[in-house]
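Participant: File coords-v5.txt below, compact mmCIF, C-alpha atoms:
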```
# COMPACT_ATOMS: atom_id res chain seq x y z
CA MET A 1 -30.75 34.29 -9.10
CA MET A 2 -27.37 32.67 -8.45
CA PRO A 3 -26.61 29.45 -10.34
CA ILE A 4 -26.75 26.15 -8.50
CA ALA A 5 -23.23 24.77 -8.16
CA ILE A 6 -21.30 21.97 -6.49
CA ASP A 7 -19.71 23.27 -3.29
CA ALA A 8 -17.88 20.11 -2.17
CA ILE A 9 -17.30 16.50 -3.22
CA TYR A 10 -16.69 13.67 -0.76
CA ARG A 11 -16.21 9.93 -0.73
CA TYR A 12 -16.26 7.49 2.19
CA PRO A 13 -13.97 4.57 1.31
CA ILE A 14 -14.74 2.75 4.58
CA LYS A 15 -18.38 2.70 5.64
CA GLY A 16 -18.85 4.58 8.91
CA LEU A 17 -15.47 6.31 8.85
CA SER A 18 -14.53 9.87 7.94
CA ALA A 19 -15.15 11.76 4.72
CA GLU A 20 -12.43 12.37 2.15
CA SER A 21 -12.57 15.60 0.17
CA LEU A 22 -12.11 15.46 -3.61
CA SER A 23 -11.55 18.23 -6.15
CA GLN A 24 -13.21 16.16 -8.87
CA THR A 25 -14.54 12.70 -9.62
CA GLU A 26 -15.44 10.61 -12.65
CA LEU A 27 -18.96 9.15 -12.67
CA LYS A 28 -20.04 6.14 -14.70
CA ALA A 29 -23.59 5.13 -15.60
CA GLY A 30 -25.12 2.78 -13.06
CA GLU A 31 -22.21 3.12 -10.63
CA ALA A 32 -21.59 4.83 -7.30
CA LEU A 33 -18.89 7.44 -6.84
CA PRO A 34 -15.56 5.58 -7.27
CA HIS A 35 -14.33 3.86 -4.07
CA ASP A 36 -17.30 5.15 -2.08
CA ARG A 37 -18.19 2.66 0.70
CA ARG A 38 -15.79 0.20 -0.94
CA PHE A 39 -15.03 -1.39 2.44
CA ALA A 40 -17.08 -1.97 5.57
CA ILE A 41 -16.30 -3.06 9.13
CA ALA A 42 -18.59 -6.03 9.59
CA HIS A 43 -19.93 -7.71 12.71
CA THR A 44 -18.60 -11.17 13.50
CA ALA A 45 -21.77 -12.87 12.22
CA THR A 46 -21.97 -10.84 8.98
CA HIS A 47 -20.93 -12.86 5.95
CA ILE A 48 -20.23 -11.33 2.55
CA ASP A 49 -19.70 -13.49 -0.53
CA PRO A 50 -17.26 -11.37 -2.59
CA ASN A 51 -18.35 -13.18 -5.75
CA ASN A 52 -22.06 -12.65 -5.13
CA PRO A 53 -22.55 -9.71 -2.76
CA VAL A 54 -26.03 -8.70 -1.66
CA TRP A 55 -27.26 -5.56 0.04
CA LEU A 56 -27.37 -5.80 3.83
CA PRO A 57 -28.81 -3.32 6.35
CA LYS A 58 -26.34 -1.07 8.14
CA THR A 59 -27.13 -2.80 11.43
CA ARG A 60 -24.94 -5.68 10.21
CA PHE A 61 -21.90 -3.41 10.33
CA PHE A 62 -20.14 -1.10 12.76
CA MET A 63 -21.40 2.39 11.98
CA LEU A 64 -22.09 5.79 13.50
CA MET A 65 -25.72 5.15 14.42
CA GLN A 66 -24.58 2.71 17.11
CA ASP A 67 -20.82 3.26 17.29
CA GLU A 68 -20.36 7.04 17.49
CA LYS A 69 -16.79 6.51 18.72
CA LEU A 70 -15.84 5.95 15.06
CA ALA A 71 -16.15 9.71 14.52
CA GLN A 72 -12.96 10.15 16.56
CA LEU A 73 -10.98 8.68 13.64
CA ASN A 74 -9.69 10.63 10.64
CA THR A 75 -8.85 8.42 7.70
CA ARG A 76 -7.08 8.69 4.38
CA PHE A 77 -7.25 5.92 1.78
CA ASP A 78 -4.91 5.71 -1.21
CA ASP A 79 -6.92 4.01 -3.95
CA THR A 80 -3.82 3.35 -6.06
CA THR A 81 -2.05 1.31 -3.36
CA GLY A 82 -4.95 0.27 -1.09
CA HIS A 83 -3.17 1.84 1.89
CA LEU A 84 -5.21 3.20 4.80
CA ARG A 85 -3.90 5.70 7.34
CA ILE A 86 -5.90 6.51 10.46
CA GLU A 87 -5.26 9.36 12.89
CA GLN A 88 -6.87 9.97 16.26
CA ALA A 89 -6.47 13.37 17.94
CA GLY A 90 -3.75 14.22 15.39
CA ARG A 91 -1.72 11.07 16.11
CA ALA A 92 -1.26 8.22 13.64
CA VAL A 93 -2.79 5.03 15.04
CA LEU A 94 -2.81 2.79 11.95
CA ASP A 95 -0.92 2.44 8.68
CA ALA A 96 -1.94 -0.67 6.78
CA SER A 97 -2.85 -1.97 3.33
CA LEU A 98 -6.47 -3.10 3.08
CA VAL A 99 -5.76 -5.07 -0.08
CA GLN A 100 -3.03 -7.28 1.43
CA PRO A 101 -3.88 -10.08 3.91
CA GLU A 102 -1.36 -8.98 6.53
CA GLY A 103 -2.38 -5.35 6.30
CA ARG A 104 -6.04 -6.25 6.60
CA LYS A 105 -5.31 -8.38 9.68
CA LYS A 106 -3.45 -5.43 11.20
CA ALA A 107 -6.43 -3.14 10.54
CA GLU A 108 -8.86 -5.69 11.99
CA ALA A 109 -6.74 -5.98 15.13
CA PHE A 110 -6.83 -2.20 15.52
CA PHE A 111 -10.63 -2.09 15.22
CA ALA A 112 -11.03 -5.06 17.57
CA GLU A 113 -9.22 -3.07 20.26
CA PHE A 114 -10.82 0.28 19.37
CA LEU A 115 -14.36 -1.17 19.36
CA ALA A 116 -13.88 -3.53 22.29
CA ASN A 117 -17.15 -4.10 24.20
CA HIS A 118 -19.25 -2.69 21.35
CA PRO A 119 -22.11 -4.96 20.22
CA GLY A 120 -21.27 -6.98 17.13
CA GLY A 121 -18.33 -9.05 18.26
CA ARG A 122 -14.87 -9.02 16.71
CA PRO A 123 -14.89 -6.84 13.57
CA HIS A 124 -13.69 -7.98 10.19
CA ILE A 125 -13.15 -5.84 7.10
CA VAL A 126 -15.15 -6.80 4.03
CA GLU A 127 -14.90 -5.90 0.36
CA ALA A 128 -16.59 -7.20 -2.79
CA PRO A 129 -15.41 -5.96 -6.20
CA GLY A 130 -18.03 -3.78 -7.86
CA HIS A 131 -20.16 -3.61 -4.69
CA THR A 132 -20.83 -0.56 -2.52
CA PHE A 133 -21.80 -0.91 1.15
CA SER A 134 -24.38 1.84 0.95
CA ASP A 135 -27.28 2.32 3.35
CA ALA A 136 -29.63 2.68 0.39
CA LYS A 137 -31.60 -0.34 -0.73
CA GLN A 138 -32.57 -0.38 -4.39
CA LYS A 139 -35.58 1.82 -5.08
CA PRO A 140 -38.40 0.58 -7.34
CA ASN A 141 -37.88 3.46 -9.80
CA SER A 142 -34.20 2.67 -10.47
CA THR A 143 -32.14 -0.10 -12.03
CA THR A 144 -29.38 -0.22 -9.38
CA TYR A 145 -28.69 0.24 -5.68
CA LYS A 146 -25.53 2.24 -6.46
CA TYR A 147 -26.44 5.85 -5.91
CA ILE A 148 -24.90 9.30 -5.59
CA SER A 149 -26.09 11.24 -2.55
CA LEU A 150 -26.58 15.00 -2.76
CA VAL A 151 -27.37 17.54 -0.03
CA ASN A 152 -28.62 21.09 -0.49
CA LEU A 153 -26.69 23.46 1.79
CA ALA A 154 -29.71 25.80 1.92
CA SER A 155 -31.70 22.97 3.53
CA VAL A 156 -28.93 22.52 6.10
CA ARG A 157 -29.06 26.25 6.87
CA ALA A 158 -32.85 26.04 7.24
CA LEU A 159 -32.31 23.34 9.86
CA GLU A 160 -29.85 25.49 11.79
CA GLU A 161 -32.51 28.06 12.70
CA PRO A 162 -34.71 25.76 14.84
CA ALA A 163 -31.62 23.87 16.01
CA GLN A 164 -30.21 27.16 17.34
CA MET A 165 -26.72 25.96 16.54
CA SER A 166 -24.42 25.42 13.60
CA VAL A 167 -25.04 22.11 11.82
CA ASP A 168 -22.00 20.58 10.14
CA PRO A 169 -23.12 19.36 6.68
CA LEU A 170 -20.77 16.38 7.07
CA ARG A 171 -23.30 14.89 9.52
CA PHE A 172 -25.21 13.86 6.38
CA ARG A 173 -22.29 12.04 4.72
CA ALA A 174 -23.21 13.09 1.17
CA ASN A 175 -21.12 12.74 -1.97
CA PHE A 176 -22.07 16.14 -3.38
CA TYR A 177 -23.01 19.29 -1.48
CA PHE A 178 -24.53 22.02 -3.61
CA ASP A 179 -25.63 25.60 -3.09
CA GLY A 180 -27.83 28.09 -4.93
CA ALA A 181 -31.19 26.25 -4.78
CA PRO A 182 -33.97 27.22 -2.33
CA ALA A 183 -34.17 25.12 0.83
CA TRP A 184 -35.98 21.80 0.29
CA ASN A 185 -36.37 22.45 -3.45
CA GLU A 186 -34.41 19.25 -4.10
CA LEU A 187 -37.28 17.16 -2.75
CA SER A 188 -39.34 18.16 -5.80
CA TRP A 189 -36.74 16.67 -8.16
CA VAL A 190 -37.62 13.02 -7.43
CA ASP A 191 -38.18 11.02 -10.67
CA ALA A 192 -36.66 13.84 -12.72
CA GLU A 193 -33.23 14.25 -14.32
CA ILE A 194 -30.53 16.69 -13.28
CA VAL A 195 -27.18 17.56 -14.87
CA VAL A 196 -24.14 17.78 -12.61
CA GLY A 197 -20.97 18.89 -14.37
CA GLU A 198 -20.65 16.53 -17.35
CA ALA A 199 -22.87 13.81 -15.84
CA ARG A 200 -26.60 13.17 -16.00
CA LEU A 201 -28.41 11.79 -12.97
CA LYS A 202 -31.94 10.62 -12.26
CA VAL A 203 -33.16 11.50 -8.78
CA VAL A 204 -34.77 8.40 -7.30
CA SER A 205 -35.73 9.33 -3.72
CA PRO A 206 -35.25 11.66 -0.78
CA ILE A 207 -32.87 10.42 1.91
CA THR A 208 -34.54 9.46 5.19
CA ARG A 209 -32.32 10.35 8.10
CA CYS A 210 -31.39 8.11 11.01
CA PRO A 211 -29.83 8.78 14.44
CA ALA A 212 -26.32 8.65 12.92
CA THR A 213 -26.85 12.31 12.00
CA SER A 214 -27.12 13.13 15.71
CA VAL A 215 -23.37 12.46 16.04
CA ASN A 216 -21.25 15.59 15.70
CA PRO A 217 -18.40 14.64 13.30
CA ALA A 218 -16.06 17.10 15.03
CA THR A 219 -16.60 15.88 18.61
CA ALA A 220 -17.96 12.30 18.20
CA GLU A 221 -20.74 13.26 20.64
CA ARG A 222 -24.50 12.97 20.20
CA ASP A 223 -25.53 16.60 20.60
CA LEU A 224 -28.58 17.12 18.36
CA ASP A 225 -31.56 14.86 17.59
CA ILE A 226 -31.76 15.69 13.91
CA PRO A 227 -34.45 13.14 12.87
CA ARG A 228 -36.79 14.40 15.59
CA LEU A 229 -36.03 18.05 14.75
CA LEU A 230 -36.76 17.49 11.05
CA VAL A 231 -40.14 15.89 11.75
CA ARG A 232 -41.12 18.50 14.34
CA GLU A 233 -40.13 21.55 12.32
CA PHE A 234 -40.59 20.49 8.70
CA GLY A 235 -43.01 17.56 8.78
CA HIS A 236 -40.60 15.09 7.22
CA ASN A 237 -37.42 13.20 8.04
CA TYR A 238 -35.49 14.01 4.86
CA MET A 239 -32.16 15.66 4.16
CA GLY A 240 -30.77 15.21 0.69
CA ILE A 241 -31.56 13.02 -2.30
CA TYR A 242 -30.32 9.80 -3.88
CA ALA A 243 -29.65 9.83 -7.62
CA GLN A 244 -28.70 7.18 -10.16
CA VAL A 245 -26.04 8.05 -12.73
CA ILE A 246 -27.56 7.62 -16.19
CA GLY A 247 -24.88 9.45 -18.16
CA GLY A 248 -21.26 9.44 -17.02
CA GLY A 249 -18.75 12.26 -16.97
CA THR A 250 -16.44 14.35 -14.83
CA VAL A 251 -17.78 16.42 -11.95
CA ARG A 252 -15.59 19.12 -10.41
CA ASN A 253 -15.95 21.48 -7.51
CA ASN A 254 -17.85 24.61 -8.60
CA ASP A 255 -19.43 22.78 -11.56
CA ARG A 256 -22.98 23.79 -12.30
CA LEU A 257 -25.95 21.67 -11.25
CA THR A 258 -28.90 22.07 -13.59
CA PRO A 259 -32.22 21.10 -11.94
CA PRO A 260 -35.31 19.82 -13.77
CA ALA A 261 -36.92 22.38 -16.07
```
What does the file become when written as structure tokens?
Facilitator:
Amino acid sequence: MMPIAIDAIYRYPIKGLSAESLSQTELKAGEALPHDRRFAIAHTATHIDPNNPVWLPKTRFFMLMQDEKLAQLNTRFDDTTGHLRIEQAGRAVLDASLVQPEGRKKAEAFFAEFLANHPGGRPHIVEAPGHTFSDAKQKPNSTTYKYISLVNLASVRALEEPAQMSVDPLRFRANFYFDGAPAWNELSWVDAEIVVGEARLKVVSPITRCPATSVNPATAERDLDIPRLLVREFGHNYMGIYAQVIGGGTVRNNDRLTPPA
């Protein structure tokens, strides 16, 4: 039997925007993947206190479930300078610093034009040090809401058969994609510990999937009702798992994932 190993690592510095591939990352106990969902594009009426941030549902932000047009944008964020570059159809449409007032205003003006007529009003970019704008609310069996998301590529392949089409794993916006485990085996790991590279994680829940996964990240079109397909074919609406980091360490591409004994 082949070992289970990390196939790809991704972060999403701006909630709802494109994935950024990483060769490795450093995990810390109780924390999300560094810079993951660090920023969000908030609705006009959404207020975030940067000194006392609280979890808010994704419906308070611009995101793929309602604003599939966001999938047209390819982003790159430099976490050392705070600079964001956005391309659309291979053409640069924004270069701005998200950590400087003028740069943030420039980015907000871009999104106001790009998302004109979308529900939510004029967008504003929010950030709160130490906070992650994750979809996941804190689970009762964990001590934080800051999770790592993992998706089993065998489960994605199992979905492709009834879908009768290729399913891009990036639809599921996970931090770690792994291969080598049987399809859906990850759902049995809830409440158990796994080792990923040098880090230890406790799996806290499966990930319930929403209509955002129906958006093809390559075309920005809704072309497959994944939640409905999961329920119809597999009797659940899950793809992937959330895990809390309980022991920090480096995780690299091709590192081994050790499941519960």
Participant: For Met239 of chain A, list every protein, DNA or RNA residue within 8 Å, evaluated using all atoms listed in the file, and leave out those in the same chain fewer than 3 positions away; present the list as a PyMOL selection string.
Facilitator: chain A and resi 151-152+155-156+172+206-209
Participant: Do you know which residues are at most 6 Å from segment 240-242 of chain A counting only C-alpha atoms, after dropping those on the same chain fewer than 4 positions away, and could you put them as a list of chain:residue names?
Facilitator: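 What passes the distance filter is A:Tyr147, A:Ile148, A:Ser149, A:Leu150, A:Val151, A:Val203, A:Val204, A:Ser205, A:Pro206, A:Ile207.
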Participant: Please return as a PyMOL selection string every residue within 10 Å of (-32.7, 21.4, 6.9), taking into account all atoms listed in the file and the file's own coordinates.
Facilitator: chain A and resi 151-163+167+169+183-184+226+229-230+233-234+237-240
Participant: Compile the contact shell of segment 23-34 of chain A as a compact mmCIF listing (two decimals) with C-alpha atoms, in the frame of the given file: residues with an atom at most 6 Å away, counting all atoms listed in the file, same-chain residues fewer than 5 positions apart removed.
Facilitator:
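Result saved to out_13.txt:
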```txt
# COMPACT_ATOMS: atom_id res chain seq x y z
CA LYS A 146 -25.53 2.24 -6.46
CA TYR A 147 -26.44 5.85 -5.91
CA ILE A 148 -24.90 9.30 -5.59
CA VAL A 245 -26.04 8.05 -12.73
CA ILE A 246 -27.56 7.62 -16.19
CA GLY A 247 -24.88 9.45 -18.16
CA GLY A 248 -21.26 9.44 -17.02
CA GLY A 249 -18.75 12.26 -16.97
CA THR A 250 -16.44 14.35 -14.83
CA VAL A 251 -17.78 16.42 -11.95
CA ARG A 252 -15.59 19.12 -10.41
CA ASN A 253 -15.95 21.48 -7.51
```
Participant: Could you tell me which of A:Asn141, A:His118, A:Phe178, A:Glu221 comes closest to Tyr10 of chain A if we count only C-alpha atoms?
Facilitator: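 When distances to Tyr10 of chain A are compared using only C-alpha atoms, the smallest one comes from A:Phe178.
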Participant: In terms of the shortest atom-to-atom distance over all atoms listed in the file, which of A:Ala243, A:Leu115, A:Ile41, A:Met2 is closest to Thr144 of chain A?
Facilitator: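 Closest to Thr144 of chain A, using all atoms listed in the file: A:Ala243.
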Participant: Output segment 24-35 of chain A with all heavy atoms present, as a JSON list (two decimals), in the coordinates of the input.
Facilitator:
```json
[["chain", "number", "residue", "atom", "x", "y", "z"],
["A", 24, "GLN", "N", -12.39, 16.61, -7.75],
["A", 24, "GLN", "CA", -13.21, 16.16, -8.87],
["A", 24, "GLN", "C", -13.37, 14.65, -8.79],
["A", 24, "GLN", "O", -12.66, 13.97, -8.04],
["A", 24, "GLN", "CB", -12.57, 16.54, -10.21],
["A", 24, "GLN", "CG", -11.27, 15.83, -10.51],
["A", 24, "GLN", "CD", -10.71, 16.24, -11.87],
["A", 24, "GLN", "OE1", -10.50, 17.41, -12.15],
["A", 24, "GLN", "NE2", -10.48, 15.25, -12.73],
["A", 25, "THR", "N", -14.32, 14.14, -9.56],
["A", 25, "THR", "CA", -14.54, 12.70, -9.62],
["A", 25, "THR", "C", -15.10, 12.34, -10.98],
["A", 25, "THR", "O", -15.67, 13.20, -11.68],
["A", 25, "THR", "CB", -15.49, 12.24, -8.50],
["A", 25, "THR", "OG1", -15.53, 10.82, -8.45],
["A", 25, "THR", "CG2", -16.91, 12.77, -8.72],
["A", 26, "GLU", "N", -14.95, 11.09, -11.36],
["A", 26, "GLU", "CA", -15.44, 10.61, -12.65],
["A", 26, "GLU", "C", -16.60, 9.64, -12.39],
["A", 26, "GLU", "O", -16.40, 8.59, -11.77],
["A", 26, "GLU", "CB", -14.32, 9.88, -13.40],
["A", 26, "GLU", "CG", -14.67, 9.52, -14.83],
["A", 26, "GLU", "CD", -14.67, 10.73, -15.77],
["A", 26, "GLU", "OE1", -14.00, 11.73, -15.45],
["A", 26, "GLU", "OE2", -15.35, 10.65, -16.81],
["A", 27, "LEU", "N", -17.78, 9.99, -12.87],
["A", 27, "LEU", "CA", -18.96, 9.15, -12.67],
["A", 27, "LEU", "C", -19.19, 8.28, -13.90],
["A", 27, "LEU", "O", -18.96, 8.71, -15.03],
["A", 27, "LEU", "CB", -20.18, 10.01, -12.40],
["A", 27, "LEU", "CG", -20.14, 10.93, -11.16],
["A", 27, "LEU", "CD1", -21.48, 11.63, -10.99],
["A", 27, "LEU", "CD2", -19.77, 10.14, -9.92],
["A", 28, "LYS", "N", -19.68, 7.06, -13.63],
["A", 28, "LYS", "CA", -20.04, 6.14, -14.70],
["A", 28, "LYS", "C", -21.50, 5.72, -14.54],
["A", 28, "LYS", "O", -21.98, 5.58, -13.41],
["A", 28, "LYS", "CB", -19.14, 4.90, -14.67],
["A", 28, "LYS", "CG", -17.69, 5.18, -14.99],
["A", 28, "LYS", "CD", -16.87, 3.91, -15.00],
["A", 28, "LYS", "CE", -15.41, 4.20, -15.35],
["A", 28, "LYS", "NZ", -14.59, 2.96, -15.36],
["A", 29, "ALA", "N", -22.18, 5.51, -15.63],
["A", 29, "ALA", "CA", -23.59, 5.13, -15.60],
["A", 29, "ALA", "C", -23.79, 3.87, -14.77],
["A", 29, "ALA", "O", -23.08, 2.89, -14.93],
["A", 29, "ALA", "CB", -24.13, 4.93, -17.01],
["A", 30, "GLY", "N", -24.77, 3.93, -13.88],
["A", 30, "GLY", "CA", -25.12, 2.78, -13.06],
["A", 30, "GLY", "C", -24.20, 2.50, -11.90],
["A", 30, "GLY", "O", -24.39, 1.51, -11.19],
["A", 31, "GLU", "N", -23.20, 3.36, -11.68],
["A", 31, "GLU", "CA", -22.21, 3.12, -10.63],
["A", 31, "GLU", "C", -22.26, 4.20, -9.56],
["A", 31, "GLU", "O", -22.71, 5.32, -9.80],
["A", 31, "GLU", "CB", -20.80, 3.06, -11.22],
["A", 31, "GLU", "CG", -20.57, 1.92, -12.20],
["A", 31, "GLU", "CD", -20.68, 0.56, -11.54],
["A", 31, "GLU", "OE1", -20.33, 0.44, -10.35],
["A", 31, "GLU", "OE2", -21.11, -0.40, -12.22],
["A", 32, "ALA", "N", -21.76, 3.85, -8.37],
["A", 32, "ALA", "CA", -21.59, 4.83, -7.30],
["A", 32, "ALA", "C", -20.35, 5.67, -7.58],
["A", 32, "ALA", "O", -19.60, 5.42, -8.53],
["A", 32, "ALA", "CB", -21.46, 4.11, -5.97],
["A", 33, "LEU", "N", -20.11, 6.67, -6.73],
["A", 33, "LEU", "CA", -18.89, 7.44, -6.84],
["A", 33, "LEU", "C", -17.71, 6.49, -6.59],
["A", 33, "LEU", "O", -17.76, 5.66, -5.69],
["A", 33, "LEU", "CB", -18.91, 8.57, -5.81],
["A", 33, "LEU", "CG", -17.84, 9.64, -5.92],
["A", 33, "LEU", "CD1", -18.40, 11.01, -5.56],
["A", 33, "LEU", "CD2", -16.67, 9.31, -5.01],
["A", 34, "PRO", "N", -16.65, 6.55, -7.39],
["A", 34, "PRO", "CA", -15.56, 5.58, -7.27],
["A", 34, "PRO", "C", -15.00, 5.46, -5.85],
["A", 34, "PRO", "O", -14.73, 6.47, -5.19],
["A", 34, "PRO", "CB", -14.49, 6.13, -8.22],
["A", 34, "PRO", "CG", -15.27, 6.88, -9.25],
["A", 34, "PRO", "CD", -16.42, 7.50, -8.50],
["A", 35, "HIS", "N", -14.89, 4.22, -5.38],
["A", 35, "HIS", "CA", -14.33, 3.86, -4.07],
["A", 35, "HIS", "C", -15.20, 4.30, -2.89],
["A", 35, "HIS", "O", -14.78, 4.20, -1.74],
["A", 35, "HIS", "CB", -12.91, 4.42, -3.89],
["A", 35, "HIS", "CG", -11.97, 4.00, -4.98],
["A", 35, "HIS", "ND1", -11.46, 2.73, -5.07],
["A", 35, "HIS", "CD2", -11.48, 4.70, -6.06],
["A", 35, "HIS", "CE1", -10.68, 2.65, -6.15],
["A", 35, "HIS", "NE2", -10.69, 3.83, -6.76]]
```
